[in-house]
>>> print(open('protein02.cif').read())   # mmCIF, C-alpha atoms
data_final
#
loop_
_atom_site.group_PDB
_atom_site.id
_atom_site.type_symbol
_atom_site.label_atom_id
_atom_site.label_comp_id
_atom_site.auth_asym_id
_atom_site.auth_seq_id
_atom_site.Cartn_x
_atom_site.Cartn_y
_atom_site.Cartn_z
ATOM 1 C CA MET A 1 -9.709 261.697 178.659
ATOM 2 C CA PHE A 2 -10.895 259.191 181.241
ATOM 3 C CA LYS A 3 -8.274 260.244 183.750
ATOM 4 C CA THR A 4 -9.086 263.927 183.233
ATOM 5 C CA GLU A 5 -12.809 263.388 183.693
ATOM 6 C CA LEU A 6 -12.204 261.399 186.877
ATOM 7 C CA LEU A 7 -9.985 264.066 188.386
ATOM 8 C CA ARG A 8 -12.504 266.788 187.632
ATOM 9 C CA LYS A 9 -15.010 265.050 189.877
ATOM 10 C CA PHE A 10 -12.995 265.882 192.916
ATOM 11 C CA SER A 11 -12.866 269.389 194.347
ATOM 12 C CA LYS A 12 -9.614 271.171 195.093
ATOM 13 C CA SER A 13 -10.168 270.784 198.817
ATOM 14 C CA THR A 14 -10.681 267.053 198.409
ATOM 15 C CA TRP A 15 -7.341 266.657 196.696
ATOM 16 C CA LYS A 16 -5.627 268.559 199.514
ATOM 17 C CA SER A 17 -7.108 266.187 202.087
ATOM 18 C CA ARG A 18 -6.113 263.008 200.216
ATOM 19 C CA ASN A 19 -2.815 261.932 198.820
ATOM 20 C CA VAL A 20 -3.798 260.128 195.613
ATOM 21 C CA LEU A 21 -0.975 258.546 193.647
ATOM 22 C CA ILE A 22 -1.589 258.032 189.938
ATOM 23 C CA ILE A 23 0.583 255.514 188.116
ATOM 24 C CA GLY A 24 0.330 254.348 184.521
ATOM 25 C CA GLY A 25 -0.968 255.507 181.170
ATOM 26 C CA SER A 26 -4.170 255.001 179.270
ATOM 27 C CA MET A 27 -3.988 251.231 179.772
ATOM 28 C CA CYS A 28 -3.461 251.380 183.524
ATOM 29 C CA LEU A 29 -5.013 253.661 186.118
ATOM 30 C CA LEU A 30 -3.882 253.017 189.670
ATOM 31 C CA LEU A 31 -5.270 255.252 192.376
ATOM 32 C CA ILE A 32 -3.979 254.496 195.831
ATOM 33 C CA LEU A 33 -5.787 256.183 198.657
ATOM 34 C CA ARG A 34 -3.335 257.107 201.361
ATOM 35 C CA THR A 35 -3.827 259.952 203.797
ATOM 36 C CA SER A 36 -7.414 259.378 204.868
ATOM 37 C CA MET A 37 -6.787 255.688 205.535
ATOM 38 C CA HIS A 38 -3.598 256.436 207.453
ATOM 39 C CA ALA A 39 -5.499 258.884 209.637
ATOM 40 C CA ARG A 40 -8.145 256.256 210.436
ATOM 41 C CA THR A 41 -5.395 253.716 211.161
ATOM 42 C CA ALA A 42 -3.634 256.139 213.508
ATOM 43 C CA ARG A 43 -6.878 256.608 215.450
ATOM 44 C CA ARG A 44 -7.262 252.823 215.783
ATOM 45 C CA MET A 45 -3.694 252.509 217.082
ATOM 46 C CA ASP A 46 -4.516 254.843 219.942
ATOM 47 C CA GLU A 47 -7.428 252.624 220.893
ATOM 48 C CA HIS A 48 -5.388 249.401 221.218
ATOM 49 C CA PRO A 49 -2.338 248.555 223.350
ATOM 50 C CA LYS A 50 0.896 248.143 221.416
ATOM 51 C CA THR A 51 1.989 244.587 220.592
ATOM 52 C CA ALA A 52 5.467 243.470 221.633
ATOM 53 C CA ILE A 53 7.824 243.354 218.637
ATOM 54 C CA LYS A 54 9.684 240.051 218.331
ATOM 55 C CA SER A 55 13.098 239.852 216.707
ATOM 56 C CA ILE A 56 14.213 237.507 213.942
ATOM 57 C CA SER A 57 17.637 236.507 212.621
ATOM 58 C CA LEU A 58 18.566 237.131 208.982
ATOM 59 C CA ASP A 59 21.124 234.318 208.864
ATOM 60 C CA ASP A 60 18.615 232.144 206.988
ATOM 61 C CA ILE A 61 17.930 234.454 204.037
ATOM 62 C CA ASN A 62 19.264 233.633 200.600
ATOM 63 C CA PRO A 63 20.952 236.921 199.558
ATOM 64 C CA GLU A 64 19.673 236.679 195.972
ATOM 65 C CA ALA A 65 16.441 238.689 195.844
ATOM 66 C CA LYS A 66 13.560 237.005 194.005
ATOM 67 C CA GLY A 67 11.899 240.338 193.348
ATOM 68 C CA CYS A 68 11.334 243.825 194.730
ATOM 69 C CA GLY A 69 8.451 246.228 195.023
ATOM 70 C CA HIS A 70 8.495 249.875 195.984
ATOM 71 C CA TRP A 71 8.702 249.078 199.710
ATOM 72 C CA LYS A 72 9.818 245.464 200.047
ATOM 73 C CA CYS A 73 12.129 242.854 198.538
ATOM 74 C CA PHE A 74 11.430 239.123 198.678
ATOM 75 C CA PHE A 75 14.117 236.583 199.617
ATOM 76 C CA LEU A 76 13.967 232.812 199.970
ATOM 77 C CA SER A 77 15.131 230.779 202.948
ATOM 78 C CA LYS A 78 18.472 228.971 202.764
ATOM 79 C CA THR A 79 17.163 225.984 204.702
ATOM 80 C CA ASN A 80 13.374 225.775 204.287
ATOM 81 C CA PRO A 81 11.857 225.575 200.757
ATOM 82 C CA ASN A 82 8.460 226.537 202.210
ATOM 83 C CA ARG A 83 9.702 229.764 203.786
ATOM 84 C CA GLY A 84 10.409 233.218 202.413
ATOM 85 C CA TYR A 85 11.094 236.679 203.822
ATOM 86 C CA GLN A 86 9.876 240.117 202.796
ATOM 87 C CA LEU A 87 12.401 242.741 203.929
ATOM 88 C CA MET A 88 11.316 246.365 204.237
ATOM 89 C CA ARG A 89 13.595 248.523 202.136
ATOM 90 C CA ASN A 90 15.441 251.207 204.110
ATOM 91 C CA GLY A 91 17.697 252.596 201.361
ATOM 92 C CA ASP A 92 17.049 254.342 198.061
ATOM 93 C CA ILE A 93 13.599 254.759 196.605
ATOM 94 C CA GLU A 94 12.814 254.923 192.895
ATOM 95 C CA HIS A 95 13.424 258.474 191.700
ATOM 96 C CA TYR A 96 10.154 258.562 189.784
ATOM 97 C CA ARG A 97 8.321 258.095 193.080
ATOM 98 C CA LYS A 98 9.761 260.946 195.106
ATOM 99 C CA PRO A 99 7.809 261.530 198.332
ATOM 100 C CA LYS A 100 5.991 264.788 198.913
ATOM 101 C CA PRO A 101 8.332 267.246 200.664
ATOM 102 C CA GLU A 102 5.996 267.737 203.628
ATOM 103 C CA LYS A 103 5.883 264.016 204.454
ATOM 104 C CA LYS A 104 8.752 261.582 204.913
ATOM 105 C CA HIS A 105 8.217 258.585 202.666
ATOM 106 C CA ARG A 106 8.551 256.069 205.487
ATOM 107 C CA ASP A 107 6.329 257.763 208.063
ATOM 108 C CA SER A 108 3.689 255.093 207.471
ATOM 109 C CA ARG A 109 6.032 252.073 207.454
ATOM 110 C CA THR A 110 5.516 251.249 211.116
ATOM 111 C CA PHE A 111 5.103 248.006 213.010
ATOM 112 C CA GLU A 112 1.446 248.823 213.656
ATOM 113 C CA ILE A 113 0.742 249.343 209.952
ATOM 114 C CA PHE A 114 2.192 245.964 208.963
ATOM 115 C CA ALA A 115 0.497 244.254 211.897
ATOM 116 C CA ASP A 116 -2.805 245.770 210.723
ATOM 117 C CA ARG A 117 -2.237 244.335 207.254
ATOM 118 C CA PHE A 118 -1.654 240.882 208.678
ATOM 119 C CA HIS A 119 -4.860 241.128 210.726
ATOM 120 C CA PHE A 120 -6.739 242.311 207.635
ATOM 121 C CA ALA A 121 -5.497 239.305 205.639
ATOM 122 C CA GLU A 122 -6.513 236.998 208.492
ATOM 123 C CA CYS A 123 -9.949 238.617 208.534
ATOM 124 C CA VAL A 124 -10.360 238.006 204.777
ATOM 125 C CA ARG A 125 -9.306 234.370 205.251
ATOM 126 C CA LYS A 126 -11.755 233.754 208.083
ATOM 127 C CA GLU A 127 -14.698 235.763 206.732
ATOM 128 C CA TYR A 128 -14.471 235.048 203.002
ATOM 129 C CA GLY A 129 -12.249 231.983 202.594
ATOM 130 C CA ILE A 130 -9.457 233.685 200.616
ATOM 131 C CA ASN A 131 -6.054 232.389 201.677
ATOM 132 C CA HIS A 132 -2.986 234.569 202.191
ATOM 133 C CA VAL A 133 0.740 234.430 202.785
ATOM 134 C CA VAL A 134 0.984 237.832 204.488
ATOM 135 C CA GLY A 135 3.434 237.601 207.386
ATOM 136 C CA PHE A 136 3.307 239.156 210.832
ATOM 137 C CA PRO A 137 6.104 241.747 211.243
ATOM 138 C CA ARG A 138 9.341 241.041 213.076
ATOM 139 C CA VAL A 139 12.361 243.265 213.577
ATOM 140 C CA ALA A 140 15.876 242.284 212.483
ATOM 141 C CA GLU A 141 19.366 243.706 212.485
ATOM 142 C CA LEU A 142 20.608 244.055 208.911
ATOM 143 C CA THR A 143 24.397 243.901 208.996
ATOM 144 C CA GLU A 144 26.768 245.446 206.493
ATOM 145 C CA GLU A 145 27.977 241.944 205.625
ATOM 146 C CA ILE A 146 24.467 240.826 204.586
ATOM 147 C CA VAL A 147 23.911 244.064 202.641
ATOM 148 C CA ASN A 148 27.125 243.462 200.666
ATOM 149 C CA GLU A 149 26.061 239.875 199.871
ATOM 150 C CA MET A 150 22.648 240.873 198.490
ATOM 151 C CA GLU A 151 22.126 240.361 194.757
ATOM 152 C CA PHE A 152 19.429 241.934 192.581
ATOM 153 C CA SER A 153 18.566 241.084 188.997
ATOM 154 C CA ALA A 154 18.342 243.829 186.391
ATOM 155 C CA LYS A 155 14.533 243.672 186.360
ATOM 156 C CA ALA A 156 14.139 243.479 190.157
ATOM 157 C CA LEU A 157 14.857 247.169 190.737
ATOM 158 C CA HIS A 158 14.371 250.417 188.871
ATOM 159 C CA PRO A 159 17.697 251.703 187.432
ATOM 160 C CA SER A 160 17.450 254.782 189.643
ATOM 161 C CA VAL A 161 17.916 252.642 192.780
ATOM 162 C CA VAL A 162 21.547 252.317 193.864
ATOM 163 C CA LYS A 163 21.260 250.994 197.429
ATOM 164 C CA PRO A 164 17.876 249.438 198.293
ATOM 165 C CA PHE A 165 19.145 248.399 201.734
ATOM 166 C CA LEU A 166 21.395 249.960 204.355
ATOM 167 C CA PRO A 167 22.768 248.438 207.602
ATOM 168 C CA GLY A 168 20.452 248.890 210.557
ATOM 169 C CA LYS A 169 17.179 247.672 212.024
ATOM 170 C CA ILE A 170 14.460 246.745 209.545
ATOM 171 C CA PHE A 171 11.048 245.070 209.611
ATOM 172 C CA VAL A 172 10.793 241.550 208.195
ATOM 173 C CA LEU A 173 7.668 239.615 207.203
ATOM 174 C CA PRO A 174 8.219 235.817 207.256
ATOM 175 C CA VAL A 175 5.882 234.240 204.686
ATOM 176 C CA HIS A 176 4.830 230.785 203.534
ATOM 177 C CA TYR A 177 6.282 229.884 200.131
ATOM 178 C CA SER A 178 6.375 227.002 197.665
ATOM 179 C CA LYS A 179 8.762 226.532 194.759
ATOM 180 C CA ASN A 180 5.809 225.455 192.602
ATOM 181 C CA VAL A 181 3.862 228.708 192.909
ATOM 182 C CA VAL A 182 3.585 231.425 190.317
ATOM 183 C CA GLN A 183 3.038 235.030 191.309
ATOM 184 C CA PHE A 184 0.771 237.253 189.281
ATOM 185 C CA HIS A 185 -0.147 240.888 189.465
ATOM 186 C CA ILE A 186 -3.124 242.850 188.144
ATOM 187 C CA PRO A 187 -2.469 244.745 185.942
ATOM 188 C CA GLY A 188 0.346 242.638 184.536
ATOM 189 C CA VAL A 189 1.595 240.107 182.002
ATOM 190 C CA TYR A 190 0.428 236.510 182.405
ATOM 191 C CA ALA A 191 2.923 234.466 180.368
ATOM 192 C CA ASP A 192 4.303 232.881 183.569
ATOM 193 C CA LEU A 193 0.805 231.987 184.750
ATOM 194 C CA GLU A 194 -0.021 230.405 181.378
ATOM 195 C CA GLU A 195 3.199 228.384 181.528
ATOM 196 C CA HIS A 196 2.263 227.304 185.054
ATOM 197 C CA MET A 197 -1.148 226.121 183.812
ATOM 198 C CA HIS A 198 0.419 224.090 180.997
ATOM 199 C CA LYS A 199 2.825 222.482 183.457
ATOM 200 C CA TYR A 200 0.464 221.530 186.272
ATOM 201 C CA MET A 201 -3.033 221.235 184.802
ATOM 202 C CA PRO A 202 -2.302 217.985 182.889
ATOM 203 C CA VAL A 203 -0.953 216.261 186.016
ATOM 204 C CA ASN A 204 -3.396 217.703 188.547
ATOM 205 C CA PRO A 205 -7.053 217.088 187.640
ATOM 206 C CA GLU A 206 -8.216 219.516 190.349
ATOM 207 C CA TYR A 207 -6.246 222.473 188.996
ATOM 208 C CA TYR A 208 -8.878 223.770 186.572
ATOM 209 C CA ASP A 209 -11.884 223.610 188.902
ATOM 210 C CA ASN A 210 -9.858 225.034 191.792
ATOM 211 C CA PHE A 211 -8.588 227.938 189.716
ATOM 212 C CA ILE A 212 -12.013 228.799 188.272
ATOM 213 C CA GLY A 213 -13.522 228.630 191.753
ATOM 214 C CA GLU A 214 -10.855 230.912 193.208
ATOM 215 C CA MET A 215 -11.288 233.506 190.438
ATOM 216 C CA HIS A 216 -15.081 233.523 190.923
ATOM 217 C CA LYS A 217 -14.582 233.964 194.649
ATOM 218 C CA LEU A 218 -12.120 236.835 194.182
ATOM 219 C CA ASP A 219 -14.509 238.551 191.775
ATOM 220 C CA ARG A 220 -17.394 238.348 194.221
ATOM 221 C CA VAL A 221 -15.505 239.256 197.392
ATOM 222 C CA ILE A 222 -13.489 242.137 195.937
ATOM 223 C CA SER A 223 -16.439 243.735 194.142
ATOM 224 C CA GLU A 224 -18.848 243.391 197.086
ATOM 225 C CA LYS A 225 -16.838 243.183 200.324
ATOM 226 C CA VAL A 226 -13.185 244.280 200.229
ATOM 227 C CA GLU A 227 -12.788 246.754 197.397
ATOM 228 C CA CYS A 228 -9.325 247.859 198.559
ATOM 229 C CA LEU A 229 -7.883 244.614 197.139
ATOM 230 C CA SER A 230 -8.569 245.940 193.638
ATOM 231 C CA SER A 231 -5.605 248.304 193.999
ATOM 232 C CA ASP A 232 -2.228 246.737 193.110
ATOM 233 C CA PHE A 233 -3.652 243.204 193.297
ATOM 234 C CA GLN A 234 -1.029 240.471 193.867
ATOM 235 C CA GLY A 235 -1.184 236.782 194.655
ATOM 236 C CA PHE A 236 0.211 233.265 194.298
ATOM 237 C CA VAL A 237 -1.297 230.375 192.318
ATOM 238 C CA TYR A 238 -0.267 226.913 193.509
ATOM 239 C CA GLU A 239 0.282 223.687 191.592
ATOM 240 C CA ASN A 240 -3.275 222.603 192.421
ATOM 241 C CA GLY A 241 -4.822 225.838 191.095
ATOM 242 C CA MET A 242 -5.537 227.322 194.524
ATOM 243 C CA PHE A 243 -4.839 230.991 195.233
ATOM 244 C CA SER A 244 -3.336 233.031 198.086
ATOM 245 C CA LEU A 245 -3.069 236.783 198.550
ATOM 246 C CA PHE A 246 0.557 237.904 198.611
ATOM 247 C CA ASP A 247 0.348 241.619 199.254
ATOM 248 C CA VAL A 248 -2.403 243.759 200.804
ATOM 249 C CA ASP A 249 -0.459 246.999 201.185
ATOM 250 C CA ASN A 250 -3.373 249.198 200.133
ATOM 251 C CA CYS A 251 -5.760 247.784 202.737
ATOM 252 C CA LEU A 252 -4.963 249.606 205.966
ATOM 253 C CA ASN A 253 -8.026 248.711 208.024
ATOM 254 C CA PRO A 254 -7.420 245.551 210.117
ATOM 255 C CA GLN A 255 -11.162 244.799 209.990
ATOM 256 C CA CYS A 256 -12.098 243.515 206.534
ATOM 257 C CA THR A 257 -15.819 243.758 207.274
ATOM 258 C CA GLU A 258 -15.811 247.563 207.514
ATOM 259 C CA ARG A 259 -16.732 249.282 204.244
ATOM 260 C CA PRO A 260 -14.647 252.273 203.097
ATOM 261 C CA PRO A 261 -16.155 255.779 202.979
ATOM 262 C CA LYS A 262 -18.311 256.680 199.984
ATOM 263 C CA ASP A 263 -15.632 258.910 198.419
ATOM 264 C CA ASP A 264 -13.096 256.082 198.584
ATOM 265 C CA LEU A 265 -15.581 253.676 196.996
ATOM 266 C CA ILE A 266 -16.026 256.048 194.054
ATOM 267 C CA VAL A 267 -12.301 255.934 193.323
ATOM 268 C CA LEU A 268 -11.994 252.179 193.940
ATOM 269 C CA SER A 269 -14.892 251.496 191.579
ATOM 270 C CA THR A 270 -12.673 252.648 188.707
ATOM 271 C CA LEU A 271 -10.272 249.800 189.538
ATOM 272 C CA ILE A 272 -12.811 247.033 190.178
ATOM 273 C CA LYS A 273 -14.184 246.791 186.637
ATOM 274 C CA PRO A 274 -10.742 246.369 184.992
ATOM 275 C CA LEU A 275 -9.877 243.762 187.627
ATOM 276 C CA GLN A 276 -13.113 241.870 186.930
ATOM 277 C CA LYS A 277 -12.364 241.882 183.196
ATOM 278 C CA THR A 278 -8.885 240.523 183.902
ATOM 279 C CA LEU A 279 -10.258 237.734 186.101
ATOM 280 C CA ILE A 280 -12.626 236.751 183.271
ATOM 281 C CA LYS A 281 -9.712 236.678 180.812
ATOM 282 C CA LEU A 282 -7.717 234.481 183.200
ATOM 283 C CA MET A 283 -10.635 232.055 183.461
ATOM 284 C CA GLN A 284 -10.864 231.986 179.669
ATOM 285 C CA LEU A 285 -7.129 231.325 179.522
ATOM 286 C CA ALA A 286 -7.486 228.413 181.961
ATOM 287 C CA THR A 287 -10.316 226.982 179.854
ATOM 288 C CA ALA A 288 -8.232 227.249 176.674
ATOM 289 C CA VAL A 289 -5.327 225.456 178.343
ATOM 290 C CA LYS A 290 -7.642 222.737 179.660
ATOM 291 C CA ASP A 291 -9.210 222.203 176.262
ATOM 292 C CA GLU A 292 -5.770 221.967 174.681
ATOM 293 C CA HIS A 293 -4.694 219.206 177.031
ATOM 294 C CA PHE A 294 -8.086 217.488 177.298
ATOM 295 C CA PRO A 295 -9.770 218.044 173.894
ATOM 296 C CA ALA A 296 -12.314 215.291 174.403
ATOM 297 C CA GLU A 297 -13.563 216.721 177.670
ATOM 298 C CA GLN A 298 -16.495 219.128 177.645
ATOM 299 C CA ILE A 299 -15.904 222.615 179.037
ATOM 300 C CA ARG A 300 -17.003 222.636 182.643
ATOM 301 C CA TYR A 301 -17.912 225.992 184.067
ATOM 302 C CA ARG A 302 -19.843 225.839 187.299
ATOM 303 C CA LYS A 303 -20.873 228.351 189.876
ATOM 304 C CA LEU A 304 -18.942 227.737 193.068
ATOM 305 C CA LYS A 305 -20.002 228.724 196.559
ATOM 306 C CA SER A 306 -17.790 230.988 198.635
ATOM 307 C CA ASN A 307 -16.911 228.027 200.865
ATOM 308 C CA TYR A 308 -15.818 225.974 197.845
ATOM 309 C CA SER A 309 -12.562 225.025 199.545
ATOM 310 C CA THR A 310 -11.326 224.852 203.079
ATOM 311 C CA PRO A 311 -8.876 227.724 203.716
ATOM 312 C CA ARG A 312 -5.321 226.453 203.953
ATOM 313 C CA ASP A 313 -3.420 227.156 207.151
ATOM 314 C CA THR A 314 -1.013 229.981 206.403
ATOM 315 C CA HIS A 315 1.079 229.593 209.528
#
>>> encode(input="protein02.cif", output="structure tokens")
Amino acid sequence: MFKTELLRKFSKSTWKSRNVLIIGGSMCLLLILRTSMHARTARRMDEHPKTAIKSISLDDINPEAKGCGHWKCFFLSKTNPNRGYQLMRNGDIEHYRKPKPEKKHRDSRTFEIFADRFHFAECVRKEYGINHVVGFPRVAELTEEIVNEMEFSAKALHPSVVKPFLPGKIFVLPVHYSKNVVQFHIPGVYADLEEHMHKYMPVNPEYYDNFIGEMHKLDRVISEKVECLSSDFQGFVYENGMFSLFDVDNCLNPQCTERPPKDDLIVLSTLIKPLQKTLIKLMQLATAVKDEHFPAEQIRYRKLKSNYSTPRDTH
């Protein structure tokens, strides 16, 4: 019913001018605004000179994929435990996400688009103090030998995907990584995050306050400043409870201080409230874990300023 009522608010002409992708059932509504944002991005590209594309070698990637999304797969470094690589998929796509026939599904996967996303993440870090591990794009030559060595777990890819990568040139995003991080996704399941809390909160007294402060900050910034982060929200939590954005694919404007058009805000508002409820539940989870390990300690909720912590260098 909710989905039907929402769709009725938009006229037929509006739906023709926007490509809105709906994923999920009654428990999950994900609306990703595409066409209008791509058009604005294309106009910005014409206004700025193109950046030189630097190359990168793939000799350092561990061929066992840690995980895959619709557009990228994440691999660790063979030599540096603090380094990872997001490789842009150039092979099969999931069959349940077939592109519209009038638009190739990789038209938007350009160097400029990924560079814009890096600049957006940098803007969020500088303006609002939210860290990120979004990498600046490089180009690499993916050889047939590397493709044949790649390994994917059963849950990393949809069964409909046979070959996620093919030999040829691809874009690569080098990212900061730590073996002690846990990734979480909204909407999602948080068993791994709870396990992470139980492991690190007892040995790191700053974990709880850091985590609560980061969740408060995300709530405030996403609901008031950068609403696009409410769509397909992903991030890392570190062993000290600090947070970093991992993926900002649905934020196409490199300037995080520019508000989206009114029509876009209407759609994004349907995602912000569920995200806020999830952040509250995660804070309650952190409090329950803290109380379990420190039963004699009083619950300490405190309002934290947006500059609660100094942003960590992501380079």
>>> resolve_selection(input="protein02.cif", expression="the PyMOL selection byres ((chain A and resi 174) around 12)", output="ChimeraX atom specification")
/A:54-58,60-61,73-77,80,82-88,114,118,133-140,171-173,175-177,246,314-315
>>> atom_distance(input="protein02.cif", atom1="CA of Met201 in chain A", atom2="CA of Leu279 in chain A")
18.1 Å
>>> residues_around(input="protein02.cif", residues="Gly91 in chain A", least_positions_apart="3", cutoff="10 Å", atoms="all atoms listed in the file", output="count of residues only")
9
>>> atom_distance(input="protein02.cif", atom1="CA of Tyr128 in chain A", atom2="CA of Leu268 in chain A")
19.5 Å
>>> atom_distance(input="protein02.cif", atom1="CA of Arg89 in chain A", atom2="CA of Ser178 in chain A")
23.1 Å
>>> resolve_selection(input="protein02.cif", expression="the PyMOL selection byres ((chain A and resi 186-189) around 6)", output="VMD selection string")
chain A and resid 185 190 233
>>> resolve_selection(input="protein02.cif", expression="the PyMOL selection byres ((chain A and resi 146) around 9)", output="PyMOL selection string")
chain A and resi 58-59+63+142-145+147-150+167
>>> closest_residue(input="protein02.cif", among="A:Arg220, A:Lys169, A:Lys72, A:Lys290", to="Asp249 in chain A", atoms="all atoms listed in the file")
A:Lys72
>>> axis_aligned_box(input="protein02.cif", around="range 173-184 of chain A", padding_each_side="6 Å", output="AutoDock Vina command-line options")
--center_x 4.8 --center_y 232.5 --center_z 198.3 --size_x 20.0 --size_y 26.2 --size_z 30.0
>>> closest_residue(input="protein02.cif", among="A:Asn253, A:Gln284, A:Ser160, A:Ser230", to="Leu265 in chain A", atoms="only C-alpha atoms")
A:Ser230
>>> residues_around(input="protein02.cif", residues="Leu157 in chain A", least_positions_apart="2", cutoff="8 Å", atoms="only C-alpha atoms", output="MDAnalysis selection string")
chainID A and resid 67:69 152:155 159 161
>>> closest_residue(input="protein02.cif", among="A:Ser269, A:Asn62, A:Pro295, A:Asn204", to="Lys78 in chain A", atoms="all atoms listed in the file")
A:Asn62
>>> closest_residue(input="protein02.cif", among="A:Phe294, A:Tyr207, A:Phe120, A:Phe111", to="Val237 in chain A", atoms="all atoms listed in the file")
A:Tyr207
>>> residues_around(input="protein02.cif", residues="Thr257 in chain A", least_positions_apart="6", cutoff="10 Å", atoms="all atoms listed in the file", output="mmCIF file with C-alpha atoms, in the frame of the given file")
data_model
loop_
_atom_site.group_PDB
_atom_site.id
_atom_site.type_symbol
_atom_site.label_atom_id
_atom_site.label_comp_id
_atom_site.auth_asym_id
_atom_site.auth_seq_id
_atom_site.Cartn_x
_atom_site.Cartn_y
_atom_site.Cartn_z
ATOM 1 C CA PHE A 120 -6.739 242.311 207.635
ATOM 2 C CA CYS A 123 -9.949 238.617 208.534
ATOM 3 C CA VAL A 124 -10.360 238.006 204.777
ATOM 4 C CA GLU A 127 -14.698 235.763 206.732
ATOM 5 C CA TYR A 128 -14.471 235.048 203.002
ATOM 6 C CA LYS A 225 -16.838 243.183 200.324
ATOM 7 C CA VAL A 226 -13.185 244.280 200.229
#
